[in-house]
Structures are given as structure tokens and as C-alpha cells.
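coords17.cif follows; it contains mmCIF, C-alpha atoms, pLDDT in the B column; chains and numbers go by the auth columns.
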```cif
data_target
loop_
_atom_site.group_PDB
_atom_site.id
_atom_site.type_symbol
_atom_site.label_atom_id
_atom_site.label_comp_id
_atom_site.label_asym_id
_atom_site.label_seq_id
_atom_site.Cartn_x
_atom_site.Cartn_y
_atom_site.Cartn_z
_atom_site.B_iso_or_equiv
_atom_site.auth_seq_id
_atom_site.auth_asym_id
ATOM 1 C CA MET A 1 126.846 53.840 47.811 70.00 1 A
ATOM 2 C CA ASN A 2 127.227 55.589 51.162 77.00 2 A
ATOM 3 C CA PHE A 3 130.553 55.410 52.994 78.00 3 A
ATOM 4 C CA TRP A 4 128.953 55.043 56.419 80.00 4 A
ATOM 5 C CA GLN A 5 126.933 52.018 55.306 82.00 5 A
ATOM 6 C CA GLN A 6 130.157 50.250 54.340 80.00 6 A
ATOM 7 C CA HIS A 7 132.696 51.530 56.913 83.00 7 A
ATOM 8 C CA GLY A 8 132.908 53.247 60.268 83.00 8 A
ATOM 9 C CA ILE A 9 135.086 55.701 62.131 85.00 9 A
ATOM 10 C CA TRP A 10 137.719 53.044 62.877 88.00 10 A
ATOM 11 C CA PHE A 11 138.251 52.535 59.169 85.00 11 A
ATOM 12 C CA ILE A 12 139.029 56.247 58.770 84.00 12 A
ATOM 13 C CA ILE A 13 141.412 56.217 61.734 84.00 13 A
ATOM 14 C CA PHE A 14 143.285 53.176 60.438 85.00 14 A
ATOM 15 C CA MET A 15 143.372 54.632 56.922 82.00 15 A
ATOM 16 C CA MET A 16 144.938 57.840 58.261 80.00 16 A
ATOM 17 C CA PHE A 17 147.681 56.161 60.267 82.00 17 A
ATOM 18 C CA PHE A 18 148.216 52.882 58.386 84.00 18 A
ATOM 19 C CA PRO A 19 147.128 53.471 54.766 82.00 19 A
ATOM 20 C CA ARG A 20 149.172 50.635 53.265 84.00 20 A
ATOM 21 C CA LEU A 21 147.991 47.992 55.719 84.00 21 A
ATOM 22 C CA THR A 22 144.378 49.130 55.524 81.00 22 A
ATOM 23 C CA MET A 23 144.425 49.086 51.733 80.00 23 A
ATOM 24 C CA LEU A 24 146.024 45.668 51.715 81.00 24 A
ATOM 25 C CA PHE A 25 143.474 44.087 54.031 82.00 25 A
ATOM 26 C CA ALA A 26 140.298 46.147 53.490 76.00 26 A
ATOM 27 C CA THR A 27 140.092 46.991 49.790 73.00 27 A
ATOM 28 C CA VAL A 28 139.696 44.944 46.657 73.00 28 A
ATOM 29 C CA TRP A 29 143.022 44.167 45.068 72.00 29 A
ATOM 30 C CA GLY A 30 143.531 45.684 41.666 75.00 30 A
ATOM 31 C CA GLY A 31 146.010 45.423 38.860 81.00 31 A
ATOM 32 C CA TRP A 32 149.458 46.888 38.475 83.00 32 A
ATOM 33 C CA LEU A 33 148.192 50.451 39.012 81.00 33 A
ATOM 34 C CA TRP A 34 146.684 49.506 42.385 81.00 34 A
ATOM 35 C CA TRP A 35 149.942 47.833 43.486 85.00 35 A
ATOM 36 C CA THR A 36 152.005 50.821 42.330 85.00 36 A
ATOM 37 C CA GLY A 37 149.763 53.141 44.326 83.00 37 A
ATOM 38 C CA LEU A 38 149.958 50.882 47.362 82.00 38 A
ATOM 39 C CA ILE A 39 153.753 50.885 47.320 85.00 39 A
ATOM 40 C CA PHE A 40 154.591 54.452 46.279 85.00 40 A
ATOM 41 C CA MET A 41 151.621 56.728 47.057 84.00 41 A
ATOM 42 C CA PRO A 42 148.972 55.064 49.222 85.00 42 A
ATOM 43 C CA ARG A 43 147.297 58.310 50.308 86.00 43 A
ATOM 44 C CA LEU A 44 146.783 59.417 46.725 87.00 44 A
ATOM 45 C CA THR A 45 145.406 55.997 45.825 85.00 45 A
ATOM 46 C CA VAL A 46 142.958 56.218 48.730 85.00 46 A
ATOM 47 C CA ALA A 47 141.804 59.655 47.517 88.00 47 A
ATOM 48 C CA ILE A 48 141.241 58.318 43.999 87.00 48 A
ATOM 49 C CA ILE A 49 139.279 55.326 45.293 84.00 49 A
ATOM 50 C CA ALA A 50 137.216 57.582 47.585 86.00 50 A
ATOM 51 C CA THR A 51 136.416 59.935 44.717 90.00 51 A
ATOM 52 C CA THR A 52 135.393 57.059 42.473 88.00 52 A
ATOM 53 C CA TYR A 53 133.004 55.445 44.938 86.00 53 A
ATOM 54 C CA TYR A 54 131.788 58.167 47.325 87.00 54 A
ATOM 55 C CA TRP A 55 131.796 61.520 45.480 90.00 55 A
ATOM 56 C CA HIS A 56 128.006 61.699 45.072 91.00 56 A
ATOM 57 C CA THR A 57 127.079 60.603 48.594 89.00 57 A
ATOM 58 C CA ASN A 58 129.918 61.983 50.760 88.00 58 A
ATOM 59 C CA THR A 59 131.452 64.974 48.981 91.00 59 A
ATOM 60 C CA VAL A 60 132.844 66.533 52.171 92.00 60 A
ATOM 61 C CA LEU A 61 134.565 63.294 53.125 89.00 61 A
ATOM 62 C CA VAL A 62 136.148 63.076 49.668 91.00 62 A
ATOM 63 C CA ILE A 63 137.395 66.671 49.863 94.00 63 A
ATOM 64 C CA PHE A 64 139.018 65.962 53.235 91.00 64 A
ATOM 65 C CA THR A 65 140.573 62.838 51.737 89.00 65 A
ATOM 66 C CA TRP A 66 142.235 64.895 48.998 92.00 66 A
ATOM 67 C CA ILE A 67 143.502 67.450 51.533 91.00 67 A
ATOM 68 C CA TRP A 68 144.886 64.600 53.643 88.00 68 A
ATOM 69 C CA ALA A 69 146.464 62.981 50.575 87.00 69 A
ATOM 70 C CA PHE A 70 148.310 66.087 49.412 85.00 70 A
ATOM 71 C CA SER A 71 149.437 67.218 52.860 84.00 71 A
ATOM 72 C CA GLY A 72 150.459 63.727 53.969 77.00 72 A
ATOM 73 C CA GLU A 73 152.439 62.910 50.831 70.00 73 A
ATOM 74 C CA GLY A 74 154.213 66.271 50.893 73.00 74 A
ATOM 75 C CA LEU A 75 155.046 66.025 54.577 77.00 75 A
ATOM 76 C CA GLU A 76 156.279 62.454 54.201 74.00 76 A
ATOM 77 C CA LYS A 77 158.604 63.396 51.336 76.00 77 A
ATOM 78 C CA THR A 78 159.936 66.421 53.240 81.00 78 A
ATOM 79 C CA ILE A 79 160.771 64.309 56.288 81.00 79 A
ATOM 80 C CA VAL A 80 162.516 61.666 54.192 80.00 80 A
ATOM 81 C CA ARG A 81 164.609 64.328 52.413 83.00 81 A
ATOM 82 C CA ALA A 82 165.578 65.940 55.725 86.00 82 A
ATOM 83 C CA ILE A 83 166.630 62.616 57.244 87.00 83 A
ATOM 84 C CA SER A 84 168.591 61.531 54.182 84.00 84 A
ATOM 85 C CA LYS A 85 170.776 64.681 54.178 77.00 85 A
#
```
Show me the file's structure as C-alpha cells.
Amino acid sequence: MNFWQQHGIWFIIFMMFFPRLTMLFATVWGGWLWWTGLIFMPRLTVAIIATTYYWHTNTVLVIFTWIWAFSGEGLEKTIVRAISK
């Protein structure tokens, strides 16, 4: 399955800025693990889904997704800690 046959550039933009909303409306709902990822770590969940479906056809896109997931989650946690102090 190729990412570009299923989605376009707007999907990537919305996934970067609104990962929870995009996952809620544009992906297949899963079980308790999917809901936990949606609530607590949406970027990591997106990276896992991208790796599962698109690793063989879009490796570069998947690598950028993991970079985005780790940097976004870390930055988000740092900002929340700084504000809460």
C-alpha cells in the first residue's frame, strides 16, 4: 500500500498540527490500545501505524514520522513541565 495513493499533503499537515483530531476522524478505530495512544501519545501512535502500513513503500516518510514523534512528544512534555512549575 502506498501512502500517496491513500492520502495527500493535507493529511500530513493536519496530522502534524492536529494529531488527535486527524486520528479520530481519519483512521480506523481500534481497541483499548488505540484509544490509549490517542489520549496520551498520539504522535507515537501515528508513527506505529505508519510503520505498520507504509514501511515497505515509503521508508523515508516513516523515518520522518518517527523523528517527528520523538521530538514532538519530548517538546510537548517539556513545555507542560515548564508551565506547571
*Coordinates-based distance that separates atom CA of A:His56 from atom CA of A:Trp29 (Å, one decimal)*: 23.1 Å
*Using all atoms listed in the file, which residue out of A:Val46, A:Leu75, A:Ile12, A:Leu61 lies closest to A:Leu24?*
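Using all atoms listed in the file, the shortest distance to A:Leu24 belongs to A:Val46.
The residue that comes closest to A:Trp66, out of A:Leu44, A:Leu21, A:Val28, A:Val80 and on the basis of all atoms listed in the file, is A:Leu44.
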Padding 4 Å on every side, please: axis-aligned box over the listed atoms of stretch 42-53 of chain A, centre and edge lengths to one decimal in Å, as AutoDock Vina command-line options.
```
--center_x 141.0 --center_y 57.5 --center_z 46.4 --size_x 24.0 --size_y 12.9 --size_z 15.8
```
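The gap separating atom CA of A:Arg20 from atom CA of A:Gly37 is 9.3 Å, in Å to one decimal.
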Taking the file above as input, evaluate the PyMOL selection byres ((chain A and resi 38) around 12) and report the hits as an mmCIF file with C-alpha atoms, in the frame of the given file.
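What ended up in selection30.cif:
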```cif
data_model
loop_
_atom_site.group_PDB
_atom_site.id
_atom_site.type_symbol
_atom_site.label_atom_id
_atom_site.label_comp_id
_atom_site.auth_asym_id
_atom_site.auth_seq_id
_atom_site.Cartn_x
_atom_site.Cartn_y
_atom_site.Cartn_z
ATOM 1 C CA PHE A 18 148.216 52.882 58.386
ATOM 2 C CA PRO A 19 147.128 53.471 54.766
ATOM 3 C CA ARG A 20 149.172 50.635 53.265
ATOM 4 C CA LEU A 21 147.991 47.992 55.719
ATOM 5 C CA THR A 22 144.378 49.130 55.524
ATOM 6 C CA MET A 23 144.425 49.086 51.733
ATOM 7 C CA LEU A 24 146.024 45.668 51.715
ATOM 8 C CA PHE A 25 143.474 44.087 54.031
ATOM 9 C CA THR A 27 140.092 46.991 49.790
ATOM 10 C CA VAL A 28 139.696 44.944 46.657
ATOM 11 C CA TRP A 29 143.022 44.167 45.068
ATOM 12 C CA GLY A 30 143.531 45.684 41.666
ATOM 13 C CA GLY A 31 146.010 45.423 38.860
ATOM 14 C CA TRP A 32 149.458 46.888 38.475
ATOM 15 C CA LEU A 33 148.192 50.451 39.012
ATOM 16 C CA TRP A 34 146.684 49.506 42.385
ATOM 17 C CA TRP A 35 149.942 47.833 43.486
ATOM 18 C CA THR A 36 152.005 50.821 42.330
ATOM 19 C CA GLY A 37 149.763 53.141 44.326
ATOM 20 C CA ILE A 39 153.753 50.885 47.320
ATOM 21 C CA PHE A 40 154.591 54.452 46.279
ATOM 22 C CA MET A 41 151.621 56.728 47.057
ATOM 23 C CA PRO A 42 148.972 55.064 49.222
ATOM 24 C CA ARG A 43 147.297 58.310 50.308
ATOM 25 C CA LEU A 44 146.783 59.417 46.725
ATOM 26 C CA THR A 45 145.406 55.997 45.825
ATOM 27 C CA VAL A 46 142.958 56.218 48.730
ATOM 28 C CA ALA A 47 141.804 59.655 47.517
ATOM 29 C CA ILE A 48 141.241 58.318 43.999
ATOM 30 C CA ILE A 49 139.279 55.326 45.293
#
```
*Would you kindly translate the PyMOL selection byres ((chain A and resi 1) around 10) into the concrete residues it picks from this file, as a ChimeraX atom specification?*
/A:2-6,53-58
_One decimal, in Å: what's the spacing between atom CA of A:Thr65 and atom CA of A:Ser84?_
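Atom-to-atom, atom CA of A:Thr65 and atom CA of A:Ser84 are spaced 28.2 Å apart.
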From the structure just shown, export stretch 45-83 of chain A with N, CA and C atoms as a JSON list (two decimals), in the first residue's frame.
```json
[["chain", "number", "residue", "atom", "x", "y", "z"],
["A", 45, "THR", "N", 1.61, 6.93, 18.41],
["A", 45, "THR", "CA", 0.63, 6.04, 17.78],
["A", 45, "THR", "C", 0.63, 6.20, 16.27],
["A", 46, "VAL", "N", 0.73, 7.43, 15.80],
["A", 46, "VAL", "CA", 0.81, 7.69, 14.36],
["A", 46, "VAL", "C", 2.06, 7.05, 13.77],
["A", 47, "ALA", "N", 3.19, 7.14, 14.47],
["A", 47, "ALA", "CA", 4.43, 6.53, 13.98],
["A", 47, "ALA", "C", 4.31, 5.01, 13.90],
["A", 48, "ILE", "N", 3.66, 4.41, 14.87],
["A", 48, "ILE", "CA", 3.47, 2.96, 14.87],
["A", 48, "ILE", "C", 2.56, 2.54, 13.71],
["A", 49, "ILE", "N", 1.47, 3.28, 13.52],
["A", 49, "ILE", "CA", 0.57, 2.97, 12.41],
["A", 49, "ILE", "C", 1.27, 3.15, 11.06],
["A", 50, "ALA", "N", 2.06, 4.23, 10.93],
["A", 50, "ALA", "CA", 2.79, 4.47, 9.69],
["A", 50, "ALA", "C", 3.79, 3.36, 9.41],
["A", 51, "THR", "N", 4.48, 2.91, 10.44],
["A", 51, "THR", "CA", 5.45, 1.83, 10.26],
["A", 51, "THR", "C", 4.76, 0.54, 9.84],
["A", 52, "THR", "N", 3.62, 0.26, 10.44],
["A", 52, "THR", "CA", 2.89, -0.96, 10.13],
["A", 52, "THR", "C", 2.42, -1.00, 8.69],
["A", 53, "TYR", "N", 1.91, 0.11, 8.19],
["A", 53, "TYR", "CA", 1.29, 0.10, 6.86],
["A", 53, "TYR", "C", 2.21, 0.55, 5.73],
["A", 54, "TYR", "N", 3.16, 1.45, 5.99],
["A", 54, "TYR", "CA", 3.89, 2.09, 4.89],
["A", 54, "TYR", "C", 5.39, 1.88, 4.91],
["A", 55, "TRP", "N", 5.93, 0.99, 5.74],
["A", 55, "TRP", "CA", 7.37, 0.82, 5.82],
["A", 55, "TRP", "C", 7.97, 0.38, 4.49],
["A", 56, "HIS", "N", 7.35, -0.53, 3.79],
["A", 56, "HIS", "CA", 7.93, -1.08, 2.56],
["A", 56, "HIS", "C", 7.81, -0.13, 1.37],
["A", 57, "THR", "N", 6.81, 0.73, 1.36],
["A", 57, "THR", "CA", 6.62, 1.60, 0.20],
["A", 57, "THR", "C", 7.12, 3.02, 0.42],
["A", 58, "ASN", "N", 7.13, 3.51, 1.65],
["A", 58, "ASN", "CA", 7.54, 4.89, 1.94],
["A", 58, "ASN", "C", 8.44, 4.92, 3.17],
["A", 59, "THR", "N", 9.61, 4.35, 3.07],
["A", 59, "THR", "CA", 10.52, 4.25, 4.21],
["A", 59, "THR", "C", 10.94, 5.63, 4.72],
["A", 60, "VAL", "N", 11.23, 6.55, 3.82],
["A", 60, "VAL", "CA", 11.66, 7.89, 4.22],
["A", 60, "VAL", "C", 10.55, 8.60, 5.00],
["A", 61, "LEU", "N", 9.34, 8.48, 4.55],
["A", 61, "LEU", "CA", 8.21, 9.08, 5.24],
["A", 61, "LEU", "C", 8.05, 8.50, 6.65],
["A", 62, "VAL", "N", 8.25, 7.21, 6.80],
["A", 62, "VAL", "CA", 8.15, 6.57, 8.10],
["A", 62, "VAL", "C", 9.27, 7.05, 9.03],
["A", 63, "ILE", "N", 10.47, 7.19, 8.51],
["A", 63, "ILE", "CA", 11.59, 7.68, 9.32],
["A", 63, "ILE", "C", 11.31, 9.10, 9.80],
["A", 64, "PHE", "N", 10.80, 9.95, 8.94],
["A", 64, "PHE", "CA", 10.44, 11.31, 9.36],
["A", 64, "PHE", "C", 9.30, 11.30, 10.38],
["A", 65, "THR", "N", 8.41, 10.34, 10.27],
["A", 65, "THR", "CA", 7.33, 10.22, 11.25],
["A", 65, "THR", "C", 7.88, 9.89, 12.63],
["A", 66, "TRP", "N", 8.86, 8.99, 12.69],
["A", 66, "TRP", "CA", 9.46, 8.67, 13.99],
["A", 66, "TRP", "C", 10.23, 9.85, 14.57],
["A", 67, "ILE", "N", 10.95, 10.58, 13.73],
["A", 67, "ILE", "CA", 11.66, 11.78, 14.21],
["A", 67, "ILE", "C", 10.66, 12.78, 14.75],
["A", 68, "TRP", "N", 9.57, 13.00, 14.02],
["A", 68, "TRP", "CA", 8.52, 13.92, 14.46],
["A", 68, "TRP", "C", 7.88, 13.44, 15.75],
["A", 69, "ALA", "N", 7.68, 12.15, 15.88],
["A", 69, "ALA", "CA", 7.04, 11.59, 17.09],
["A", 69, "ALA", "C", 7.91, 11.82, 18.32],
["A", 70, "PHE", "N", 9.19, 11.51, 18.22],
["A", 70, "PHE", "CA", 10.06, 11.66, 19.39],
["A", 70, "PHE", "C", 10.31, 13.13, 19.73],
["A", 71, "SER", "N", 10.52, 13.96, 18.74],
["A", 71, "SER", "CA", 10.77, 15.38, 19.04],
["A", 71, "SER", "C", 9.51, 16.07, 19.52],
["A", 72, "GLY", "N", 8.37, 15.75, 18.93],
["A", 72, "GLY", "CA", 7.12, 16.39, 19.34],
["A", 72, "GLY", "C", 6.69, 15.99, 20.73],
["A", 73, "GLU", "N", 6.79, 14.72, 21.07],
["A", 73, "GLU", "CA", 6.40, 14.26, 22.41],
["A", 73, "GLU", "C", 7.33, 14.86, 23.46],
["A", 74, "GLY", "N", 8.62, 14.87, 23.19],
["A", 74, "GLY", "CA", 9.57, 15.43, 24.15],
["A", 74, "GLY", "C", 9.37, 16.92, 24.35],
["A", 75, "LEU", "N", 9.15, 17.65, 23.28],
["A", 75, "LEU", "CA", 8.93, 19.08, 23.36],
["A", 75, "LEU", "C", 7.63, 19.38, 24.09],
["A", 76, "GLU", "N", 6.60, 18.61, 23.82],
["A", 76, "GLU", "CA", 5.30, 18.82, 24.47],
["A", 76, "GLU", "C", 5.42, 18.60, 25.98],
["A", 77, "LYS", "N", 6.11, 17.57, 26.39],
["A", 77, "LYS", "CA", 6.28, 17.29, 27.82],
["A", 77, "LYS", "C", 7.12, 18.36, 28.50],
["A", 78, "THR", "N", 8.15, 18.86, 27.82],
["A", 78, "THR", "CA", 8.99, 19.91, 28.38],
["A", 78, "THR", "C", 8.20, 21.19, 28.59],
["A", 79, "ILE", "N", 7.37, 21.56, 27.65],
["A", 79, "ILE", "CA", 6.55, 22.77, 27.77],
["A", 79, "ILE", "C", 5.55, 22.63, 28.91],
["A", 80, "VAL", "N", 4.94, 21.48, 29.03],
["A", 80, "VAL", "CA", 3.96, 21.27, 30.10],
["A", 80, "VAL", "C", 4.65, 21.33, 31.47],
["A", 81, "ARG", "N", 5.83, 20.76, 31.60],
["A", 81, "ARG", "CA", 6.56, 20.83, 32.87],
["A", 81, "ARG", "C", 6.95, 22.26, 33.21],
["A", 82, "ALA", "N", 7.38, 23.02, 32.20],
["A", 82, "ALA", "CA", 7.78, 24.41, 32.45],
["A", 82, "ALA", "C", 6.59, 25.26, 32.86],
["A", 83, "ILE", "N", 5.45, 25.04, 32.27],
["A", 83, "ILE", "CA", 4.26, 25.82, 32.62],
["A", 83, "ILE", "C", 3.73, 25.43, 34.00]]
```
